[in-house]
>>> print(open('model09.cif').read())   # mmCIF, C-alpha atoms
data_final
loop_
_atom_site.label_atom_id
_atom_site.label_comp_id
_atom_site.auth_asym_id
_atom_site.auth_seq_id
_atom_site.Cartn_x
_atom_site.Cartn_y
_atom_site.Cartn_z
CA MET A 1 0.00 0.00 0.00
CA ASP A 2 1.24 3.42 -0.94
CA THR A 3 1.76 5.23 2.31
CA ARG A 4 2.17 8.59 0.65
CA SER A 5 -1.23 9.41 -0.76
CA ILE A 6 -4.23 9.93 1.47
CA ILE A 7 -6.46 9.97 -1.59
CA ALA A 8 -5.13 6.64 -2.83
CA ALA A 9 -5.97 5.08 0.51
CA LEU A 10 -9.56 6.21 0.28
CA ASP A 11 -12.19 4.91 -2.01
CA PRO A 12 -10.89 5.50 -5.54
CA CYS A 13 -14.22 7.19 -6.32
CA ARG A 14 -13.14 10.08 -4.15
CA SER A 15 -10.68 12.35 -5.86
CA ASP A 16 -10.77 15.75 -4.21
CA LEU A 17 -9.44 15.71 -0.67
CA ALA A 18 -10.09 19.41 -0.11
CA ALA A 19 -13.78 18.93 -0.85
CA LEU A 20 -14.24 16.05 1.58
CA GLY A 21 -14.60 17.99 4.80
CA GLN A 22 -15.42 21.51 3.80
CA ALA A 23 -18.82 20.85 2.34
CA GLU A 24 -20.53 18.97 5.13
CA ILE A 25 -20.78 19.23 8.86
CA GLY A 26 -22.28 15.78 9.44
CA ALA A 27 -20.32 12.80 10.73
CA PRO A 28 -20.00 9.90 8.32
CA GLY A 29 -22.40 7.07 8.99
CA PHE A 30 -21.63 3.37 9.00
CA GLY A 31 -21.14 1.97 5.50
CA GLU A 32 -22.58 -1.46 6.25
CA PRO A 33 -24.74 -2.86 9.06
CA TRP A 34 -21.93 -5.09 10.31
CA HIS A 35 -19.59 -2.11 10.56
CA ALA A 36 -21.99 -0.53 13.03
CA GLN A 37 -22.45 -3.83 14.83
CA VAL A 38 -18.76 -4.62 15.26
CA PHE A 39 -18.07 -1.05 16.41
CA GLY A 40 -20.90 -1.24 18.94
CA ILE A 41 -19.86 -4.66 20.27
CA ALA A 42 -16.37 -3.44 21.16
CA MET A 43 -17.80 -0.44 22.95
CA ALA A 44 -20.51 -2.42 24.74
CA ALA A 45 -17.95 -5.02 25.85
CA ALA A 46 -15.63 -2.31 27.20
CA GLN A 47 -18.53 -0.63 29.00
CA ALA A 48 -19.47 -3.99 30.51
CA GLY A 49 -15.92 -4.24 31.85
CA LEU A 50 -14.66 -7.13 29.67
CA PHE A 51 -11.57 -5.06 28.89
CA SER A 52 -10.32 -1.51 29.37
CA TRP A 53 -10.38 0.94 26.50
CA GLY A 54 -6.61 1.18 26.81
CA ASP A 55 -6.33 -2.57 26.17
CA TRP A 56 -8.67 -2.14 23.21
CA VAL A 57 -6.53 0.61 21.67
CA ALA A 58 -3.39 -1.51 22.17
CA THR A 59 -5.01 -4.55 20.52
CA PHE A 60 -6.55 -2.55 17.68
CA SER A 61 -3.40 -0.61 16.87
CA ALA A 62 -1.34 -3.85 16.91
CA GLU A 63 -3.78 -5.34 14.39
CA ILE A 64 -3.51 -2.23 12.20
CA ARG A 65 0.29 -2.54 12.21
CA ALA A 66 0.25 -6.30 11.59
CA ASN A 67 -2.33 -6.30 8.80
CA PRO A 68 -2.37 -2.92 7.07
CA GLN A 69 -4.66 -1.87 4.27
CA ALA A 70 -4.20 -4.05 1.18
CA SER A 71 -4.03 -2.65 -2.32
CA ASP A 72 -7.44 -4.10 -3.23
CA GLU A 73 -9.22 -2.63 -0.20
CA THR A 74 -10.71 0.78 0.45
CA SER A 75 -9.65 2.39 3.71
CA GLU A 76 -13.08 1.68 5.19
CA GLU A 77 -12.93 -2.01 4.27
CA ALA A 78 -9.49 -2.27 5.83
CA TYR A 79 -10.56 -0.36 8.93
CA TYR A 80 -13.52 -2.58 9.79
CA ARG A 81 -11.61 -5.76 8.86
CA GLN A 82 -8.95 -4.67 11.37
CA TRP A 83 -11.60 -3.70 13.93
CA ALA A 84 -13.32 -7.11 13.64
CA ALA A 85 -10.01 -9.01 13.86
CA ALA A 86 -8.94 -7.01 16.91
CA LEU A 87 -12.28 -7.72 18.57
CA ALA A 88 -11.87 -11.47 17.98
CA THR A 89 -8.34 -11.24 19.42
CA ILE A 90 -9.35 -9.40 22.57
CA LEU A 91 -12.42 -11.60 23.15
CA ALA A 92 -10.17 -14.66 23.00
CA ALA A 93 -7.51 -13.03 25.20
CA THR A 94 -10.05 -12.17 27.88
CA GLY A 95 -11.67 -15.60 27.67
CA ALA A 96 -14.99 -14.07 26.62
CA ALA A 97 -15.21 -16.05 23.38
CA GLU A 98 -12.81 -18.40 21.61
CA GLY A 99 -12.26 -18.30 17.87
CA THR A 100 -13.75 -21.78 17.44
CA GLU A 101 -16.90 -20.74 19.30
CA ILE A 102 -17.24 -17.72 17.04
CA GLU A 103 -16.81 -19.81 13.88
CA GLU A 104 -19.37 -22.31 15.17
CA ALA A 105 -21.95 -19.63 16.04
CA ALA A 106 -21.31 -17.94 12.67
CA GLU A 107 -22.08 -21.23 10.91
CA HIS A 108 -25.33 -21.56 12.88
CA TRP A 109 -26.22 -18.01 11.92
CA ARG A 110 -25.59 -18.91 8.28
CA ARG A 111 -27.85 -21.95 8.50
CA SER A 112 -30.47 -19.88 10.31
CA TYR A 113 -30.52 -17.41 7.43
CA ILE A 114 -30.83 -20.10 4.79
CA ALA A 115 -33.60 -21.86 6.73
CA THR A 116 -35.65 -18.70 7.11
CA GLU A 117 -38.17 -17.80 4.48
CA HIS A 118 -37.20 -14.65 2.67
CA GLY A 119 -38.65 -11.57 4.32
CA LYS A 120 -39.17 -13.22 7.72
CA PRO A 121 -37.05 -12.17 10.71
CA ILE A 122 -34.06 -14.45 11.23
CA ARG A 123 -34.33 -16.52 14.40
CA PHE A 124 -30.97 -17.84 15.59
CA ARG A 125 -31.03 -21.62 15.91
CA ARG A 126 -28.30 -24.04 16.83
CA ASP A 127 -30.24 -27.19 15.85
CA LEU A 128 -30.08 -26.91 12.08
CA PRO A 129 -28.12 -29.59 10.20
CA ALA A 130 -25.25 -28.74 7.90
CA MET A 131 -26.76 -27.72 4.60
CA GLU A 132 -25.57 -29.91 1.81
CA ASP A 133 -26.09 -26.92 -0.37
CA ALA A 134 -24.77 -23.77 1.18
CA HIS A 135 -25.97 -21.41 -1.49
CA PRO A 136 -29.57 -20.35 -1.16
CA HIS A 137 -29.92 -19.53 -4.84
CA HIS A 138 -29.69 -23.26 -5.46
CA HIS A 139 -32.85 -23.62 -3.44
CA HIS A 140 -34.69 -21.48 -5.89
CA HIS A 141 -36.74 -23.54 -8.26
CA HIS A 142 -37.51 -21.86 -11.48
CA GLY A 143 -39.99 -24.34 -12.81
CA HIS A 144 -38.94 -27.50 -14.60
CA GLY A 145 -36.00 -26.63 -16.72
CA LYS A 146 -37.77 -23.60 -18.09
CA PRO A 147 -35.66 -20.49 -18.52
CA ALA A 148 -36.09 -17.72 -15.95
CA GLU A 149 -38.87 -15.31 -16.76
CA PRO A 150 -39.35 -11.68 -15.93
CA VAL A 151 -41.72 -11.01 -13.07
CA ALA A 152 -43.53 -8.29 -14.97
CA VAL A 153 -43.61 -7.14 -18.56
CA SER A 154 -44.95 -3.88 -19.89
CA THR A 155 -45.39 -4.50 -23.57
CA ALA A 156 -44.27 -2.11 -26.21
CA THR A 157 -47.07 -0.07 -27.67
CA ALA A 158 -45.36 1.10 -30.81
CA MET B 1 -47.49 -22.71 -2.62
CA SER B 2 -44.73 -25.27 -2.99
CA ASP B 3 -42.82 -26.89 -0.11
CA HIS B 4 -39.71 -25.15 -1.25
CA HIS B 5 -39.65 -21.74 0.33
CA HIS B 6 -37.05 -19.25 -0.73
CA GLY B 7 -34.40 -19.05 1.98
CA THR B 8 -32.77 -15.83 3.07
CA THR B 9 -29.38 -15.11 1.57
CA PRO B 10 -26.85 -14.97 4.42
CA PRO B 11 -24.60 -11.92 4.64
CA SER B 12 -20.84 -12.22 4.15
CA ASP B 13 -18.78 -14.55 6.34
CA ARG B 14 -17.31 -11.51 8.05
CA ALA B 15 -20.76 -10.15 8.89
CA LEU B 16 -21.81 -13.59 10.16
CA ARG B 17 -18.79 -13.75 12.48
CA VAL B 18 -19.73 -10.33 13.88
CA ARG B 19 -23.30 -11.52 14.51
CA ALA B 20 -21.77 -14.58 16.20
CA MET B 21 -19.64 -12.44 18.51
CA GLU B 22 -22.62 -10.44 19.71
CA GLN B 23 -24.69 -13.64 20.03
CA LEU B 24 -22.05 -15.30 22.22
CA LEU B 25 -21.56 -12.28 24.49
CA ILE B 26 -25.32 -12.03 25.04
CA GLU B 27 -25.75 -15.80 25.57
CA LYS B 28 -23.00 -15.71 28.19
CA GLY B 29 -24.55 -12.72 29.90
CA LEU B 30 -21.43 -10.62 29.30
CA ILE B 31 -23.31 -7.83 27.54
CA LYS B 32 -26.99 -6.98 27.68
CA GLU B 33 -29.30 -7.62 24.76
CA GLY B 34 -29.86 -4.28 23.05
CA ALA B 35 -26.66 -2.72 24.41
CA VAL B 36 -25.01 -2.74 20.98
CA ASP B 37 -28.08 -1.29 19.26
CA THR B 38 -28.23 1.50 21.84
CA ILE B 39 -24.62 2.47 21.12
CA ILE B 40 -25.16 2.36 17.36
CA ASP B 41 -28.23 4.56 17.74
CA ILE B 42 -26.29 7.14 19.75
CA PHE B 43 -23.52 7.26 17.15
CA GLU B 44 -25.95 7.47 14.25
CA HIS B 45 -28.31 10.04 15.74
CA GLN B 46 -26.82 11.97 18.64
CA LEU B 47 -23.10 12.42 18.05
CA GLY B 48 -21.58 14.52 15.32
CA PRO B 49 -19.76 17.75 14.54
CA ARG B 50 -22.89 19.80 15.27
CA ASN B 51 -22.16 19.13 18.94
CA GLY B 52 -18.62 20.44 18.58
CA ALA B 53 -19.87 23.43 16.61
CA LYS B 54 -22.08 24.42 19.57
CA VAL B 55 -19.09 24.23 21.90
CA VAL B 56 -16.92 26.34 19.57
CA ALA B 57 -19.67 28.91 18.99
CA ARG B 58 -20.19 29.37 22.72
CA ALA B 59 -16.44 29.73 23.27
CA TRP B 60 -16.44 32.48 20.61
CA ALA B 61 -19.44 34.26 22.07
CA ASP B 62 -18.87 33.84 25.80
CA PRO B 63 -15.38 34.63 27.24
CA ALA B 64 -16.25 33.03 30.60
CA TYR B 65 -17.21 29.79 28.84
CA LYS B 66 -14.04 29.87 26.80
CA ALA B 67 -11.99 30.24 29.99
CA ARG B 68 -13.70 27.16 31.43
CA LEU B 69 -13.18 25.28 28.16
CA MET B 70 -9.48 26.03 28.11
CA THR B 71 -8.91 25.01 31.75
CA ASP B 72 -11.18 21.92 31.94
CA ALA B 73 -12.49 20.99 28.52
CA SER B 74 -14.20 17.78 29.67
CA ALA B 75 -16.29 19.64 32.24
CA ALA B 76 -17.07 22.57 29.91
CA ILE B 77 -18.16 20.20 27.15
CA GLU B 78 -20.27 18.24 29.60
CA GLU B 79 -22.23 21.44 30.29
CA PHE B 80 -23.91 20.61 26.95
CA GLY B 81 -24.46 17.02 28.04
CA PHE B 82 -21.75 15.69 25.72
CA ALA B 83 -19.63 13.17 27.63
CA GLY B 84 -17.10 10.51 26.72
CA PHE B 85 -17.78 6.80 26.57
CA GLN B 86 -14.59 5.59 28.20
CA GLY B 87 -14.01 8.55 30.49
CA GLU B 88 -11.41 9.94 28.12
CA TYR B 89 -10.16 13.40 28.91
CA MET B 90 -10.78 16.26 26.49
CA VAL B 91 -8.24 18.96 25.70
CA VAL B 92 -8.99 21.99 23.54
CA CYS B 93 -6.21 23.51 21.40
CA GLU B 94 -6.84 27.11 20.46
CA ASN B 95 -5.85 28.43 17.04
CA THR B 96 -4.37 31.93 17.06
CA PRO B 97 -2.73 34.15 14.44
CA GLU B 98 0.58 32.58 15.58
CA VAL B 99 -0.40 28.91 16.08
CA HIS B 100 -2.40 26.43 14.01
CA ASN B 101 -3.33 23.10 15.63
CA VAL B 102 -4.14 19.82 13.92
CA VAL B 103 -5.24 16.51 15.44
CA VAL B 104 -4.29 12.94 14.53
CA CYS B 105 -4.25 9.50 16.09
CA THR B 106 -1.00 7.93 14.94
CA LEU B 107 -1.83 4.50 16.42
CA CYS B 108 -5.38 3.96 15.24
CA SER B 109 -8.35 6.32 15.17
CA CYS B 110 -8.87 7.85 18.63
CA TYR B 111 -11.19 10.79 18.10
CA PRO B 112 -13.39 13.08 20.23
CA TRP B 113 -16.61 11.12 19.58
CA PRO B 114 -18.94 13.11 21.87
CA VAL B 115 -18.27 16.34 20.00
CA LEU B 116 -17.44 15.09 16.48
CA GLY B 117 -19.10 11.67 16.09
CA LEU B 118 -17.36 9.11 13.90
CA PRO B 119 -14.10 10.20 12.28
CA PRO B 120 -13.99 10.89 8.55
CA THR B 121 -12.52 8.11 6.44
CA TRP B 122 -9.29 9.95 5.68
CA TYR B 123 -8.59 10.38 9.42
CA LYS B 124 -8.23 6.61 9.70
CA THR B 125 -5.89 6.11 6.74
CA ALA B 126 -2.24 5.18 7.21
CA PRO B 127 -1.02 8.07 5.01
CA TYR B 128 -2.80 10.69 7.10
CA ARG B 129 -1.74 9.11 10.39
CA SER B 130 1.92 9.00 9.42
CA ARG B 131 2.35 11.99 7.14
CA VAL B 132 0.61 14.70 9.16
CA VAL B 133 3.30 14.18 11.81
CA ILE B 134 6.21 14.25 9.35
CA GLU B 135 5.06 16.99 7.00
CA PRO B 136 1.96 18.69 8.43
CA ARG B 137 2.15 21.72 6.16
CA ALA B 138 2.22 19.56 3.02
CA VAL B 139 -0.73 17.50 4.24
CA LEU B 140 -2.72 20.63 5.10
CA GLU B 141 -1.98 21.96 1.60
CA GLU B 142 -3.67 18.83 0.23
CA PHE B 143 -6.75 19.78 2.22
CA GLY B 144 -6.62 23.17 0.55
CA LEU B 145 -5.27 24.85 3.66
CA SER B 146 -2.17 26.98 3.24
CA ILE B 147 -0.49 27.84 6.53
CA PRO B 148 1.76 30.92 6.32
CA ASP B 149 5.43 30.38 7.17
CA ASP B 150 5.21 32.65 10.20
CA VAL B 151 2.51 30.47 11.79
CA GLU B 152 3.58 27.53 13.93
CA VAL B 153 1.83 24.22 13.25
CA ARG B 154 1.26 21.94 16.24
CA VAL B 155 0.21 18.32 15.71
CA TRP B 156 -1.60 16.60 18.58
CA ASP B 157 -1.61 12.80 18.87
CA SER B 158 -4.85 11.51 20.39
CA ASN B 159 -4.84 8.36 22.45
CA ASN B 160 -7.14 6.29 24.61
CA GLU B 161 -6.96 8.80 27.46
CA LEU B 162 -6.61 12.18 25.73
CA ARG B 163 -8.80 13.50 22.93
CA TYR B 164 -8.15 16.84 21.30
CA LEU B 165 -10.55 19.37 19.80
CA VAL B 166 -9.28 22.36 17.85
CA LEU B 167 -10.86 25.72 18.66
CA PRO B 168 -10.72 27.49 15.29
CA MET B 169 -10.30 31.25 15.01
CA ARG B 170 -13.53 33.21 14.92
CA PRO B 171 -14.02 34.60 11.40
CA GLU B 172 -13.94 38.34 11.00
CA GLY B 173 -17.19 40.15 10.32
CA THR B 174 -19.18 38.09 12.84
CA GLU B 175 -19.46 40.69 15.60
CA GLY B 176 -22.79 40.51 17.35
CA TRP B 177 -23.74 37.13 15.87
CA SER B 178 -25.72 34.69 18.01
CA GLU B 179 -24.28 31.32 19.00
CA GLU B 180 -26.65 29.63 16.56
CA GLN B 181 -25.44 31.81 13.70
CA LEU B 182 -21.80 31.30 14.67
CA ALA B 183 -22.22 27.51 14.89
CA GLU B 184 -23.19 27.44 11.22
CA LEU B 185 -19.66 28.58 10.35
CA VAL B 186 -17.93 25.78 12.27
CA THR B 187 -16.99 22.93 9.95
CA ARG B 188 -15.93 19.49 11.07
CA ASP B 189 -12.46 19.93 9.57
CA SER B 190 -11.99 23.25 11.37
CA MET B 191 -12.29 21.31 14.65
CA ILE B 192 -9.76 18.68 13.50
CA GLY B 193 -7.45 21.37 12.16
CA THR B 194 -7.45 20.32 8.52
CA GLY B 195 -9.67 23.30 7.78
CA VAL B 196 -10.68 26.67 9.17
CA ALA B 197 -14.08 28.09 10.03
CA ALA B 198 -16.19 29.22 7.10
CA VAL B 199 -16.05 32.89 6.18
CA PRO B 200 -19.45 34.59 6.31
CA ALA B 201 -20.79 35.68 2.97
CA LYS B 202 -21.28 39.43 2.64
CA GLY B 203 -24.49 40.58 4.22
CA GLU B 204 -24.81 37.56 6.52
CA PRO B 205 -26.59 37.02 8.79
CA ALA B 206 -29.85 38.20 7.36
#
>>> encode(input="model09.cif", output="structure tokens")
Amino acid sequence: MDTRSIIAALDPCRSDLAALGQAEIGAPGFGEPWHAQVFGIAMAAAQAGLFSWGDWVATFSAEIRANPQASDETSEEAYYRQWAAALATILAATGAAEGTEIEEAAEHWRRSYIATEHGKPIRFRRDLPAMEDAHPHHHHHHGHGKPAEPVAVSTATA
Amino acid sequence: MSDHHHGTTPPSDRALRVRAMEQLLIEKGLIKEGAVDTIIDIFEHQLGPRNGAKVVARAWADPAYKARLMTDASAAIEEFGFAGFQGEYMVVCENTPEVHNVVVCTLCSCYPWPVLGLPPTWYKTAPYRSRVVIEPRAVLEEFGLSIPDDVEVRVWDSNNELRYLVLPMRPEGTEGWSEEQLAELVTRDSMIGTGVAAVPAKGEPA
């Protein structure tokens, strides 16, 4: 990663650094729901006394040094990847949650998603079997060998 | 309707692991259900540079408040109800015709959340974190901010205990303005030090 250019580290869509802060007074929001969630978990865990904020900063900054932004990542992608990795590290170090537990619960979450009808709230379940087919789009049945069809057609009038 | 319902597409593996972390902490009783959502809600709806702008505007308008802000920033900021999450201590750095201040966190992204909300993306990048210390004037130039040679530039490194807020210089031509009017001139970057307060357009305020 080029350590010289601030612009290069940001989303390549952004090109004018001077325009980034001058125009708006608002704080940036979270780019993705899990960014908000992983940020909030670290803060909630620190508030609950699982670790001090000083320990968090030490763990997070060590992760940033060890696994810096890659050339195919935006700065935001790198930042939340590092945040999530640091959280896993500190949860394991404090005995709050081991990596294997996290992987196991993540797999149950995945199965819970796949087993839930689209549009219904996801209920976390630990009793679902391993799905022989992990990809939900394979569960879609588009008729018997017929090609996919549009859901609506507005015919041409001229 | 057929037996085959359409399942819900799971989010990315990374997002699933994050859900798993929260799940485990709640199951073990280590954090309360809803605690994470409460924090997210505060960051999305209550914290942001408008809070800092109110602090700056009052410091401009009220010399007694400014004196309190410069001696005990945490307490003066808490007068507005803005307080830190981890008990971090706030320090305000005042810009003058002789000194320009700029804030960084060289280690990660420590930032005065209560008054500025989440940091801008560039604040968290490795180039900003390293270069603003080595060549602050060049970095400020990239933000469109030219600091005259006779002005000293001070770079402040935030950490888990100390968070800095820059008090920008009050723009000329704002005599007699209300705090609300003044706050409109305070940009986020002027409180980080990568910008200055906006200059009032001629004839403002109406």
>>> resolve_selection(input="model09.cif", expression="the PyMOL selection byres ((chain B) within 8 of (chain A))", output="ChimeraX atom specification")
/B:4-11,13,15-25,30-31,35-37,39-40,44,47-50,85-86,107-108,116-122,124-128,131,142-144,159-161,186-189,195
>>> atom_distance(input="model09.cif", atom1="atom CA of B:Glu98", atom2="atom CA of B:Leu185")
21.3 Å
>>> atom_distance(input="model09.cif", atom1="atom CA of B:Val103", atom2="atom CA of B:Asp150")
19.9 Å
>>> resolve_selection(input="model09.cif", expression="the PyMOL selection byres ((chain B and resi 61) around 12)", output="JSON, numbers by chain")
{"B": [54, 55, 56, 57, 58, 59, 60, 62, 63, 64, 65, 66, 67, 169, 170, 171, 174, 175, 176, 177, 178, 179, 180, 181, 182, 183]}
>>> write_last_selection(input="model09.cif", atoms="C-alpha atoms", output="CSV table (one decimal), keeping the file's coordinate frame")
chain,number,residue,atom,x,y,z
B,54,LYS,CA,-22.1,24.4,19.6
B,55,VAL,CA,-19.1,24.2,21.9
B,56,VAL,CA,-16.9,26.3,19.6
B,57,ALA,CA,-19.7,28.9,19.0
B,58,ARG,CA,-20.2,29.4,22.7
B,59,ALA,CA,-16.4,29.7,23.3
B,60,TRP,CA,-16.4,32.5,20.6
B,62,ASP,CA,-18.9,33.8,25.8
B,63,PRO,CA,-15.4,34.6,27.2
B,64,ALA,CA,-16.2,33.0,30.6
B,65,TYR,CA,-17.2,29.8,28.8
B,66,LYS,CA,-14.0,29.9,26.8
B,67,ALA,CA,-12.0,30.2,30.0
B,169,MET,CA,-10.3,31.2,15.0
B,170,ARG,CA,-13.5,33.2,14.9
B,171,PRO,CA,-14.0,34.6,11.4
B,174,THR,CA,-19.2,38.1,12.8
B,175,GLU,CA,-19.5,40.7,15.6
B,176,GLY,CA,-22.8,40.5,17.4
B,177,TRP,CA,-23.7,37.1,15.9
B,178,SER,CA,-25.7,34.7,18.0
B,179,GLU,CA,-24.3,31.3,19.0
B,180,GLU,CA,-26.6,29.6,16.6
B,181,GLN,CA,-25.4,31.8,13.7
B,182,LEU,CA,-21.8,31.3,14.7
B,183,ALA,CA,-22.2,27.5,14.9
>>> atom_distance(input="model09.cif", atom1="atom CA of B:Cys110", atom2="atom CA of B:Arg14")
23.6 Å
>>> axis_aligned_box(input="model09.cif", around="stretch 166-178 of chain B", padding_each_side="8 Å", output="JSON")
{"center_x": -17.5, "center_y": 31.5, "center_z": 14.5, "size_x": 32.4, "size_y": 34.3, "size_z": 24.3}
>>> residues_around(input="model09.cif", residues="B:Glu79", least_positions_apart="3", cutoff="12 Å", atoms="only C-alpha atoms", output="ChimeraX atom specification")
/B:51,54-55,58,65,68-69,72-76,82-83
>>> resolve_selection(input="model09.cif", expression="the PyMOL selection byres ((chain B and resi 147) around 12)", output="ChimeraX atom specification")
/B:95-102,136-146,148-154,193-196
>>> closest_residue(input="model09.cif", among="B:Val133, B:Leu162, B:Met90, B:Ile26", to="B:Glu78", atoms="all atoms listed in the file")
B:Met90
>>> closest_residue(input="model09.cif", among="A:Phe51, A:Ser154, A:Leu128, A:Ala66", to="A:Gln82", atoms="all atoms listed in the file")
A:Ala66
>>> decode(input="model09.cif", residues="stretch 56-106 of chain A", atoms="C-alpha atoms", output="compact mmCIF listing (two decimals), in the first residue's frame")
# COMPACT_ATOMS: atom_id res chain seq x y z
CA TRP A 56 -8.67 -2.14 23.21
CA VAL A 57 -6.53 0.61 21.67
CA ALA A 58 -3.39 -1.51 22.17
CA THR A 59 -5.01 -4.55 20.52
CA PHE A 60 -6.55 -2.55 17.68
CA SER A 61 -3.40 -0.61 16.87
CA ALA A 62 -1.34 -3.85 16.91
CA GLU A 63 -3.78 -5.34 14.39
CA ILE A 64 -3.51 -2.23 12.20
CA ARG A 65 0.29 -2.54 12.21
CA ALA A 66 0.25 -6.30 11.59
CA ASN A 67 -2.33 -6.30 8.80
CA PRO A 68 -2.37 -2.92 7.07
CA GLN A 69 -4.66 -1.87 4.27
CA ALA A 70 -4.20 -4.05 1.18
CA SER A 71 -4.03 -2.65 -2.32
CA ASP A 72 -7.44 -4.10 -3.23
CA GLU A 73 -9.22 -2.63 -0.20
CA THR A 74 -10.71 0.78 0.45
CA SER A 75 -9.65 2.39 3.71
CA GLU A 76 -13.08 1.68 5.19
CA GLU A 77 -12.93 -2.01 4.27
CA ALA A 78 -9.49 -2.27 5.83
CA TYR A 79 -10.56 -0.36 8.93
CA TYR A 80 -13.52 -2.58 9.79
CA ARG A 81 -11.61 -5.76 8.86
CA GLN A 82 -8.95 -4.67 11.37
CA TRP A 83 -11.60 -3.70 13.93
CA ALA A 84 -13.32 -7.11 13.64
CA ALA A 85 -10.01 -9.01 13.86
CA ALA A 86 -8.94 -7.01 16.91
CA LEU A 87 -12.28 -7.72 18.57
CA ALA A 88 -11.87 -11.47 17.98
CA THR A 89 -8.34 -11.24 19.42
CA ILE A 90 -9.35 -9.40 22.57
CA LEU A 91 -12.42 -11.60 23.15
CA ALA A 92 -10.17 -14.66 23.00
CA ALA A 93 -7.51 -13.03 25.20
CA THR A 94 -10.05 -12.17 27.88
CA GLY A 95 -11.67 -15.60 27.67
CA ALA A 96 -14.99 -14.07 26.62
CA ALA A 97 -15.21 -16.05 23.38
CA GLU A 98 -12.81 -18.40 21.61
CA GLY A 99 -12.26 -18.30 17.87
CA THR A 100 -13.75 -21.78 17.44
CA GLU A 101 -16.90 -20.74 19.30
CA ILE A 102 -17.24 -17.72 17.04
CA GLU A 103 -16.81 -19.81 13.88
CA GLU A 104 -19.37 -22.31 15.17
CA ALA A 105 -21.95 -19.63 16.04
CA ALA A 106 -21.31 -17.94 12.67
